[in-house]
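In what follows, a structure is listed as structure tokens, so that the remarks can point back to it.
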Amino acid sequence: MDDSEVHDGNRTDMALISARGLGKHVEGPAGRLDILDDVSLEVNAGETIAITGASGSGKTTLLGLLAGLDLPSDGSVRLDGHALEAMDEEARARLRLTLVGFVFQSFHLLPALTAEENVLLPLELDGTPDAPARARDALASVGLRERGAHYPYQLSGGEQQRVAIARAFVHGPRILFADEPTGNLDHASRDAIADLLFALNREHHTTLVVVTHDPAMAARCAQVYDLVDGRLRAHAA
Amino acid sequence: MIGPRHALRTLRREWRLPELRTLIAALLLSVTALGAVGTLATRVQRAVVMSAAELIGGDLGIDAASPLPAVFVHHAQALGLRTSTLADFPSVAFAGERSQLLSVTAGDGAWPLRGKLTVVGRDGQSKVAHAPPAGSIYLDHRALVSLQLKIGDRLQVGGMDLAVAGQIDQQPGGGDLIALAPRAVMALADAKSAGLLGTGSRARHRLLVAGSVAGADAYRAWTKAHLPANARMVTPEEVQQRLAVAFDRAGSFLRLAALLAALLAGIAVALSAQRYARRKTDEIALLRALGASSRFAFGSLAWTLALPAVLAALIGAGVALGLASAAFAYAHDLLPASAQRAPLPFGPAFAAAGIGLAVLAGFALPPLARLKSIPPVAVFRRNVKLARRRFDLLYAVPVLVALGLIALETGSWKIAGVLAACLAGAALFTALLTFAILWLIRRYAVRLNPALRLGVSALTRRRGLSLLQSCAISLGLTALLLLAVVAPALLDNWRRELPRDTPNWFVVNLQDAQRAGVRDALEKFGATRFNDMPVAVGKLVSINGVDVESAPFRGRDVSQEASQQVRLSWSRALPPANRVIAGQWFAPDAHGAQVSLDVAWVRRFDLKLGDRLAFLVGNQRIDARLTSIREVDWSRFNVNFFVMLDPAHGETLPHTWIASFYLAPGHAGALAAFSRDNPSLSLIDVDELLNRARQIVGQVTAAARWVLAFSLLAGALVLAAALTMSAAERRHEAALLRTLGARRDQLRMAALCEFGLLGAISGVTALLASAIGGAWMAHAVFRIHAFAPPWMPLIVAALIAAAVVAALGLAGTRKVLRTSPLLLLRR
């Protein structure tokens with residue numbers, strides 16, 4: 001496969017995530033800085049992909065564009081057929097609520113809420129009935145049923161990330177975006193978290209997009225892409 | 001509703017956050033200050049206004065300088081109205097060696113027609129009464145204490161020997177809001193017999209009527225058509241209006257003091273909100289990333305603040321009501337009896353709660369509103385946060401809220417603008433002073449010891465915050481120092497500047513034939529500086545041919561001023577303490593009557609040289625041309641007059657004499673004898689008047705000091721908010737210093753130096769601002785030639801400020817100083 005060709009026209013109509021000609025540039029003190037250049041990508045439902053690259057290569061920027069958290073300077077992104085550039089921020093937020101889950105490198109749990117309440121958040125935002133029970137089940141699925149009443153400061157890094165994973169899956173998203181999910185963890189926790197992430201991904205049949213510079217984690221994904229100088233190349237299998 | 005639910009969950013932990021606590025404390029402070037003052041002012045004003053009819057003692061009154069013709073009584077009775085005659089006048093009472101100026105009401109047996117006179121008798125029971133029988137007098141508590149009398153004792157008033165028949169418990173007022181002199185009630189017949197109501201006396205005669213509404217209305221209409229030139233009608237509506245205006249002015253002073261506290265509290269709110277917004281940035285970005293609408297994200301933030309804010313506002317309203325009740329009890333004897341029974345109004349306290357919430361919303365809005373523009377991508381990148389916008393219109397909101405608050409309290413946008421400019425000027429002055437001191441210290445800091453250097457560098461590193469803290473503390477301290485230290489020093493200085501033998505007694509109602517004899521008698525027991533001048537009592541009837549009571553003059557309605565009695569005098573030479581500032585003093589050979597006016601009169605009626613004024617004195621009309629304008633130094637206590645005629649025309653008018661003299665203390669017995677020998681004369685003790693005025697001013701300024709204490713508390717809150725804002729930075733600094741080897745006591749010393757310096761700078765700034773303010777007032781208002789600011793008390797206050805700020809700062813950074821160096825590694 002030509003490493004600049006990352007989508008097949010025949011598969012386009014089945015793609016859950018579709019990015020065409022994405023570019024992102026910013027104005028810096030020395031002039032225009034191109035972070036991404038002509039990035040195209042298609043991810044089908046249920047696939048797992050990893051985006052790797054050196055620090056500062058634009059991986060997180062690409063993730064932000066794919067998730068609808070930011071808008072590209074060029075190109076377009078479609079999530080489940082919805083063109084993101086045609087939507088305002090409120091509409092993108094609604095789409096994220098129903099379609100997307102996130103796991104962050106810094107966990108991003110709300111310090112004022114307990115573990116259970118952090119997991120509850122997406123369900124409450126969506127007005128899901130029986131949200132507390134579902135939240136408790138989600139915590140149980142990550143092995144933290146007994147820690148539901150604890151605040152983030154009372155949990156270790158690994159435990160906090162497990163709560164974040166429970167929150168990411170609790171509302172049954174079709175797509176999970178993970179930004180360096182093991183980046184802030186020790187070696188032992190890293191493996192456990194990676195195992196948990198992929199296990200739940202299989203269980204929930206989500207499409208997983210992982211940004212990582214951990215080769216072990218990247219190897220667990222069906223498809224790996226390298227981001228080099230702002231351009232995306234499929235990694236040789 | 002998930003929004004409030006999320007807010008409650010968040011509050012469960014966040015109520016402990018220092019910035020939230022400071023924000024709520026600032027709200028509580030402003031509500032309490034505004035509410036307490038508003039409640040007190042409203043209670044007093046409403047009570048006095050509501051009892052206007054009671055205050056005048058009837059449905060309608062006619063006030064005159066001399067007794068009214070009998071036809072006024074007959075006509076009232078013909079209309080089925082009850083009538084009562086009384087007179088109000090000042091007179092000195094003597095009891096043995098003691099004397100006391102009294103405000104005397106002499107009434108007939110029917111007085112009062114409305115309202116109540118209640119008197120406590122020898123049995124200790126309070127009973128409703130009318131004017132006492134002949135030969136007796138009722139005194140109020142102050143008079144009894146001052147003269148050391150009890151019920152049944154005797155005293156002399158106007159040379160007449162009277163028995164104290166009771167203590168006045170409650171009395172319809174004569175329109176005196178603040179009783180300068182203690183009150184007495186005696187029989188009208190006794191006052192007449194004693195000659196206290198003769199021509200030229202200071203007595204005001206009043207005829208009161210009461211009865212049916214129709215009868216009173218008919219009498220009012222008839223009186224309007226027949227009112228003598230030297231008389232005026234007194235109605236409950238007019239008294240209400242006068243009282244409302246008077247209390248409004250007093251209340252405004254206290255409201256402005258509370259306003260300063262509210263504005264400083266607003267600054268504390270703004271700083272705390274900024275810190276809170278920074279803390280909430282990650283959360284808002286996350287919620288948006290998870291799919292929350294901006295309405296939810298911002299709405300739950302609003303709920304998180306609104307819930308504790310509303311609770312704090314209600315608590316503040318409650319505390320305000322309590323404080324107002326306590327203050328009302330403290331001011332008990334300043335107020336008329338009717339005001340003392342007034343119920344507690346709840347409106348102002350809850351209005352203050354609303355205002356406090358508006359201040360919170362206004363000052364917190366700019367930093368919190370910017371959270372709305374947090375992009376969800378900020379969950380990935382911390383540097384994609386609140387984009388700096390230099391000229392954000394949102395920052396106009398707190399300025400508008402502050403202006404609106406000032407306009408609300410002052411009742412005028414114009415005054416609000418002027419006041420805002422003054423406050424801004426004062427803030428700028430303190431900021432410049434602080435900046436200059438900081439610059440000087442920084443310049444020479446290298447020579448300081450390490451701890452002091454660390455402290456100084458902390459102040460200059462956070463220059464903006466340091467300036468803000470110093471300004472806030474200085475403003476509050478300056479206001480307090482001006483009132484508590486400088487103002488009393490001004491008053492003392494003013495009194496000291498008066499020559500030792502400045503006249504301290506006045507005697508009125510002196511007749512031509514009595515002048516020489518009275519002078520001799522007074523000088524015999526040591527009176528000096530005797531100075532007398534003629535006085536004729538009249539009324540201004542027209543200016544340049546315009547009847548000023550019924551028509552405007554130069555576009556202004558001057559009827560109220562024109563309806564007042566005028567006391568005219570004359571003199572060949574320019575009297576002492578007078579200076580001609582325009583025109584020329586009376587030329588002996590001039591044709592026609594001439595008048596010379598004090599500049600205050602000229603301004604009051606918008607006059608200029610050459611205007612013709614017509615006066616009616618008794619039945620005599622005199623038309624005079626304005627030939628000179630004078631500036632009178634009223635503070636010298638010589639006999640002086642606003643209106644002076646040329647002697648040739650003045651001498652033709654019916655008149656008496658008024659004299660002033662100085663008498664050293666300890667001559668009360670001699671004065672008592674003098675008064676007995678001259679029953680037609682009224683003696684006025686100026687020292688007693690000044691002491692009473694000073695006592696009242698002292699009570700009012702004590703109340704104002706309490707209110708200004710709120711400003712100091714607000715300054716302390718600004719300090720707390722600034723500490724919170726810089727907490728993360730301080731922790732990092734402390735961790736770094738500890739990593740590099742600094743000991744904890746060294747860090748403590750540095751903090752002590754930093755906050756001690758801040759307090760000292762604030763204190764010095766306040767000291768200088770108060771001294772300059774005092775010097776300006778001495779020159780411009782009091783005309784004191786050699787005023788030295790009270791440096792020692794000001795320096796002590798500055799030192800105390802330094803100590804308090806140092807202590808608060810140390811307490812606020814206690815936890816920070818214990819930061820472990822491990823913090824650096826964990827970051």
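Scheme for the structure tokens: letters A, B, ... for chains in order shown; per-chain residue numbers from 1; ligand numbers from 1 in order shown.
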Pick out each residue of region 41-231 of chain A that DSSP on the backbone tags as strand (DSSP E); I need them as a PDB file with N, CA, C and O atoms, in the first residue's frame.
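Here's the written file part14.pdb:
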```pdb
ATOM      1  N   LEU A  41      -7.436  10.522   6.147  1.00  0.00           N
ATOM      2  CA  LEU A  41      -7.512   9.325   6.993  1.00  0.00           C
ATOM      3  C   LEU A  41      -8.934   8.820   6.990  1.00  0.00           C
ATOM      4  O   LEU A  41      -9.878   9.607   6.997  1.00  0.00           O
ATOM      5  N   GLU A  42      -9.077   7.484   6.967  1.00  0.00           N
ATOM      6  CA  GLU A  42     -10.418   6.918   7.135  1.00  0.00           C
ATOM      7  C   GLU A  42     -10.338   5.775   8.141  1.00  0.00           C
ATOM      8  O   GLU A  42      -9.432   4.945   8.075  1.00  0.00           O
ATOM      9  N   VAL A  43     -11.295   5.807   9.043  1.00  0.00           N
ATOM     10  CA  VAL A  43     -11.333   4.755  10.068  1.00  0.00           C
ATOM     11  C   VAL A  43     -12.727   4.166  10.042  1.00  0.00           C
ATOM     12  O   VAL A  43     -13.722   4.902  10.154  1.00  0.00           O
ATOM     13  N   ASN A  44     -12.774   2.860   9.911  1.00  0.00           N
ATOM     14  CA  ASN A  44     -14.092   2.219   9.890  1.00  0.00           C
ATOM     15  C   ASN A  44     -14.541   1.869  11.295  1.00  0.00           C
ATOM     16  O   ASN A  44     -13.727   1.821  12.235  1.00  0.00           O
ATOM     17  N   THR A  48      -9.178  -0.263  15.296  1.00  0.00           N
ATOM     18  CA  THR A  48      -8.304   0.397  16.267  1.00  0.00           C
ATOM     19  C   THR A  48      -7.124   0.958  15.515  1.00  0.00           C
ATOM     20  O   THR A  48      -6.477   0.248  14.748  1.00  0.00           O
ATOM     21  N   ILE A  49      -6.865   2.231  15.685  1.00  0.00           N
ATOM     22  CA  ILE A  49      -5.712   2.837  15.020  1.00  0.00           C
ATOM     23  C   ILE A  49      -4.879   3.590  16.037  1.00  0.00           C
ATOM     24  O   ILE A  49      -5.401   4.092  17.034  1.00  0.00           O
ATOM     25  N   ALA A  50      -3.579   3.600  15.759  1.00  0.00           N
ATOM     26  CA  ALA A  50      -2.662   4.380  16.612  1.00  0.00           C
ATOM     27  C   ALA A  50      -1.999   5.431  15.761  1.00  0.00           C
ATOM     28  O   ALA A  50      -1.668   5.184  14.587  1.00  0.00           O
ATOM     29  N   ILE A  51      -1.831   6.586  16.310  1.00  0.00           N
ATOM     30  CA  ILE A  51      -1.111   7.676  15.639  1.00  0.00           C
ATOM     31  C   ILE A  51       0.140   7.924  16.466  1.00  0.00           C
ATOM     32  O   ILE A  51       0.060   8.275  17.651  1.00  0.00           O
ATOM     33  N   THR A  52       1.275   7.710  15.861  1.00  0.00           N
ATOM     34  CA  THR A  52       2.532   7.877  16.584  1.00  0.00           C
ATOM     35  C   THR A  52       3.323   9.014  15.965  1.00  0.00           C
ATOM     36  O   THR A  52       3.001   9.495  14.870  1.00  0.00           O
ATOM     37  N   ASP A  74      -7.469  23.822   6.849  1.00  0.00           N
ATOM     38  CA  ASP A  74      -7.839  23.314   5.513  1.00  0.00           C
ATOM     39  C   ASP A  74      -8.450  21.922   5.675  1.00  0.00           C
ATOM     40  O   ASP A  74      -8.173  21.232   6.651  1.00  0.00           O
ATOM     41  N   GLY A  75      -9.194  21.507   4.676  1.00  0.00           N
ATOM     42  CA  GLY A  75      -9.704  20.141   4.659  1.00  0.00           C
ATOM     43  C   GLY A  75     -10.987  19.971   5.442  1.00  0.00           C
ATOM     44  O   GLY A  75     -11.589  20.950   5.889  1.00  0.00           O
ATOM     45  N   SER A  76     -11.390  18.727   5.611  1.00  0.00           N
ATOM     46  CA  SER A  76     -12.665  18.467   6.281  1.00  0.00           C
ATOM     47  C   SER A  76     -12.598  17.170   7.087  1.00  0.00           C
ATOM     48  O   SER A  76     -11.787  16.282   6.802  1.00  0.00           O
ATOM     49  N   VAL A  77     -13.484  17.085   8.039  1.00  0.00           N
ATOM     50  CA  VAL A  77     -13.597  15.895   8.874  1.00  0.00           C
ATOM     51  C   VAL A  77     -15.072  15.525   8.941  1.00  0.00           C
ATOM     52  O   VAL A  77     -15.925  16.391   9.113  1.00  0.00           O
ATOM     53  N   ARG A  78     -15.317  14.215   8.780  1.00  0.00           N
ATOM     54  CA  ARG A  78     -16.689  13.751   8.974  1.00  0.00           C
ATOM     55  C   ARG A  78     -16.690  12.687  10.065  1.00  0.00           C
ATOM     56  O   ARG A  78     -15.865  11.764  10.037  1.00  0.00           O
ATOM     57  N   LEU A  79     -17.615  12.825  11.006  1.00  0.00           N
ATOM     58  CA  LEU A  79     -17.793  11.799  12.035  1.00  0.00           C
ATOM     59  C   LEU A  79     -19.185  11.209  11.823  1.00  0.00           C
ATOM     60  O   LEU A  79     -20.180  11.947  11.888  1.00  0.00           O
ATOM     61  N   HIS A  82     -21.318  13.155   9.613  1.00  0.00           N
ATOM     62  CA  HIS A  82     -21.552  14.572   9.902  1.00  0.00           C
ATOM     63  C   HIS A  82     -20.305  15.377   9.578  1.00  0.00           C
ATOM     64  O   HIS A  82     -19.220  15.085  10.087  1.00  0.00           O
ATOM     65  N   ALA A  83     -20.466  16.393   8.754  1.00  0.00           N
ATOM     66  CA  ALA A  83     -19.327  17.253   8.403  1.00  0.00           C
ATOM     67  C   ALA A  83     -19.110  18.260   9.526  1.00  0.00           C
ATOM     68  O   ALA A  83     -19.948  19.117   9.790  1.00  0.00           O
ATOM     69  N   VAL A 100     -18.801  10.215  21.068  1.00  0.00           N
ATOM     70  CA  VAL A 100     -17.371  10.186  21.366  1.00  0.00           C
ATOM     71  C   VAL A 100     -17.099  10.029  22.852  1.00  0.00           C
ATOM     72  O   VAL A 100     -17.827  10.555  23.685  1.00  0.00           O
ATOM     73  N   GLY A 101     -16.021   9.311  23.154  1.00  0.00           N
ATOM     74  CA  GLY A 101     -15.501   9.252  24.519  1.00  0.00           C
ATOM     75  C   GLY A 101     -14.046   9.663  24.491  1.00  0.00           C
ATOM     76  O   GLY A 101     -13.367   9.549  23.457  1.00  0.00           O
ATOM     77  N   PHE A 102     -13.519  10.147  25.613  1.00  0.00           N
ATOM     78  CA  PHE A 102     -12.137  10.616  25.671  1.00  0.00           C
ATOM     79  C   PHE A 102     -11.407  10.001  26.852  1.00  0.00           C
ATOM     80  O   PHE A 102     -11.964   9.832  27.939  1.00  0.00           O
ATOM     81  N   VAL A 103     -10.139   9.704  26.626  1.00  0.00           N
ATOM     82  CA  VAL A 103      -9.233   9.390  27.731  1.00  0.00           C
ATOM     83  C   VAL A 103      -8.028  10.295  27.536  1.00  0.00           C
ATOM     84  O   VAL A 103      -7.437  10.322  26.455  1.00  0.00           O
ATOM     85  N   ILE A 175     -17.047   6.016  19.248  1.00  0.00           N
ATOM     86  CA  ILE A 175     -15.626   6.323  18.985  1.00  0.00           C
ATOM     87  C   ILE A 175     -14.973   6.685  20.310  1.00  0.00           C
ATOM     88  O   ILE A 175     -15.551   7.417  21.103  1.00  0.00           O
ATOM     89  N   LEU A 176     -13.762   6.164  20.511  1.00  0.00           N
ATOM     90  CA  LEU A 176     -12.997   6.554  21.697  1.00  0.00           C
ATOM     91  C   LEU A 176     -11.696   7.175  21.240  1.00  0.00           C
ATOM     92  O   LEU A 176     -10.935   6.549  20.491  1.00  0.00           O
ATOM     93  N   PHE A 177     -11.441   8.386  21.681  1.00  0.00           N
ATOM     94  CA  PHE A 177     -10.170   9.052  21.405  1.00  0.00           C
ATOM     95  C   PHE A 177      -9.335   9.016  22.688  1.00  0.00           C
ATOM     96  O   PHE A 177      -9.795   9.410  23.740  1.00  0.00           O
ATOM     97  N   ALA A 178      -8.119   8.518  22.567  1.00  0.00           N
ATOM     98  CA  ALA A 178      -7.241   8.432  23.743  1.00  0.00           C
ATOM     99  C   ALA A 178      -5.947   9.160  23.431  1.00  0.00           C
ATOM    100  O   ALA A 178      -5.259   8.824  22.465  1.00  0.00           O
ATOM    101  N   ASP A 179      -5.638  10.132  24.225  1.00  0.00           N
ATOM    102  CA  ASP A 179      -4.415  10.933  24.038  1.00  0.00           C
ATOM    103  C   ASP A 179      -3.388  10.513  25.082  1.00  0.00           C
ATOM    104  O   ASP A 179      -3.508  10.846  26.265  1.00  0.00           O
ATOM    105  N   THR A 207     -14.778   2.192  18.116  1.00  0.00           N
ATOM    106  CA  THR A 207     -13.665   2.494  17.231  1.00  0.00           C
ATOM    107  C   THR A 207     -12.669   3.278  18.059  1.00  0.00           C
ATOM    108  O   THR A 207     -13.017   4.272  18.675  1.00  0.00           O
ATOM    109  N   LEU A 208     -11.409   2.797  18.073  1.00  0.00           N
ATOM    110  CA  LEU A 208     -10.434   3.408  18.970  1.00  0.00           C
ATOM    111  C   LEU A 208      -9.373   4.150  18.189  1.00  0.00           C
ATOM    112  O   LEU A 208      -8.777   3.599  17.260  1.00  0.00           O
ATOM    113  N   VAL A 209      -9.145   5.375  18.533  1.00  0.00           N
ATOM    114  CA  VAL A 209      -8.061   6.174  17.956  1.00  0.00           C
ATOM    115  C   VAL A 209      -7.158   6.569  19.114  1.00  0.00           C
ATOM    116  O   VAL A 209      -7.559   7.302  20.003  1.00  0.00           O
ATOM    117  N   VAL A 210      -5.922   6.044  19.069  1.00  0.00           N
ATOM    118  CA  VAL A 210      -4.998   6.287  20.176  1.00  0.00           C
ATOM    119  C   VAL A 210      -3.827   7.104  19.674  1.00  0.00           C
ATOM    120  O   VAL A 210      -3.208   6.758  18.668  1.00  0.00           O
ATOM    121  N   VAL A 211      -3.516   8.149  20.368  1.00  0.00           N
ATOM    122  CA  VAL A 211      -2.282   8.909  20.110  1.00  0.00           C
ATOM    123  C   VAL A 211      -1.274   8.425  21.140  1.00  0.00           C
ATOM    124  O   VAL A 211      -1.545   8.468  22.343  1.00  0.00           O
ATOM    125  N   GLN A 223      -4.055  -0.747  13.032  1.00  0.00           N
ATOM    126  CA  GLN A 223      -3.405   0.100  12.043  1.00  0.00           C
ATOM    127  C   GLN A 223      -2.627   1.177  12.784  1.00  0.00           C
ATOM    128  O   GLN A 223      -3.124   1.774  13.737  1.00  0.00           O
ATOM    129  N   VAL A 224      -1.430   1.421  12.308  1.00  0.00           N
ATOM    130  CA  VAL A 224      -0.594   2.443  12.944  1.00  0.00           C
ATOM    131  C   VAL A 224      -0.210   3.476  11.901  1.00  0.00           C
ATOM    132  O   VAL A 224       0.142   3.128  10.760  1.00  0.00           O
ATOM    133  N   TYR A 225      -0.290   4.712  12.252  1.00  0.00           N
ATOM    134  CA  TYR A 225       0.128   5.804  11.365  1.00  0.00           C
ATOM    135  C   TYR A 225       1.222   6.608  12.060  1.00  0.00           C
ATOM    136  O   TYR A 225       1.178   6.838  13.264  1.00  0.00           O
ATOM    137  N   ASP A 226       2.146   7.035  11.239  1.00  0.00           N
ATOM    138  CA  ASP A 226       3.200   7.925  11.753  1.00  0.00           C
ATOM    139  C   ASP A 226       2.920   9.334  11.292  1.00  0.00           C
ATOM    140  O   ASP A 226       2.577   9.569  10.109  1.00  0.00           O
ATOM    141  N   LEU A 227       3.100  10.253  12.170  1.00  0.00           N
ATOM    142  CA  LEU A 227       2.961  11.666  11.793  1.00  0.00           C
ATOM    143  C   LEU A 227       4.370  12.260  11.785  1.00  0.00           C
ATOM    144  O   LEU A 227       5.040  12.346  12.829  1.00  0.00           O
ATOM    145  N   VAL A 228       4.812  12.621  10.591  1.00  0.00           N
ATOM    146  CA  VAL A 228       6.171  13.148  10.440  1.00  0.00           C
ATOM    147  C   VAL A 228       6.080  14.440   9.646  1.00  0.00           C
ATOM    148  O   VAL A 228       5.507  14.457   8.541  1.00  0.00           O
ATOM    149  N   ARG A 231       2.810  15.341   8.137  1.00  0.00           N
ATOM    150  CA  ARG A 231       2.170  14.482   7.144  1.00  0.00           C
ATOM    151  C   ARG A 231       1.985  13.087   7.739  1.00  0.00           C
ATOM    152  O   ARG A 231       2.839  12.595   8.461  1.00  0.00           O
TER     153      ARG A 231
END
```
Counting only C-alpha atoms, which residues from chain A have an atom at most 10 Å from any atom of chain B, and could you show them as a VMD selection string? chain A and resid 60 to 61 63 to 65 67 to 71 89 to 102 104 to 106 108 to 114 117 121 to 122 124 to 127 151 167 to 168 179
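CA of Ala165 (chain B) is positioned 7.0 Å from CA of Gly121 (chain B).
The coordinates place CA of Ala129 (chain B) at 11.2 Å from CA of Gln167 (chain B).
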As a PyMOL selection string, please: the residues near Val804 (chain B) (cut-off 9 Å, only C-alpha atoms, same-chain neighbours under 4 positions excluded). chain B and resi 756+759+799-800+808-809
DSSP on the backbone, helix (DSSP H, G or I) only: what residues of region 83-131 of chain A does that give? Format it as an MDAnalysis selection string. chainID A and resid 84:86 89:99 115:126 131
Pick the closest to Gly21 (chain A) from A:Thr182, A:Asp88, A:Leu232, A:Gly46: which is it, counting only C-alpha atoms? A:Leu232
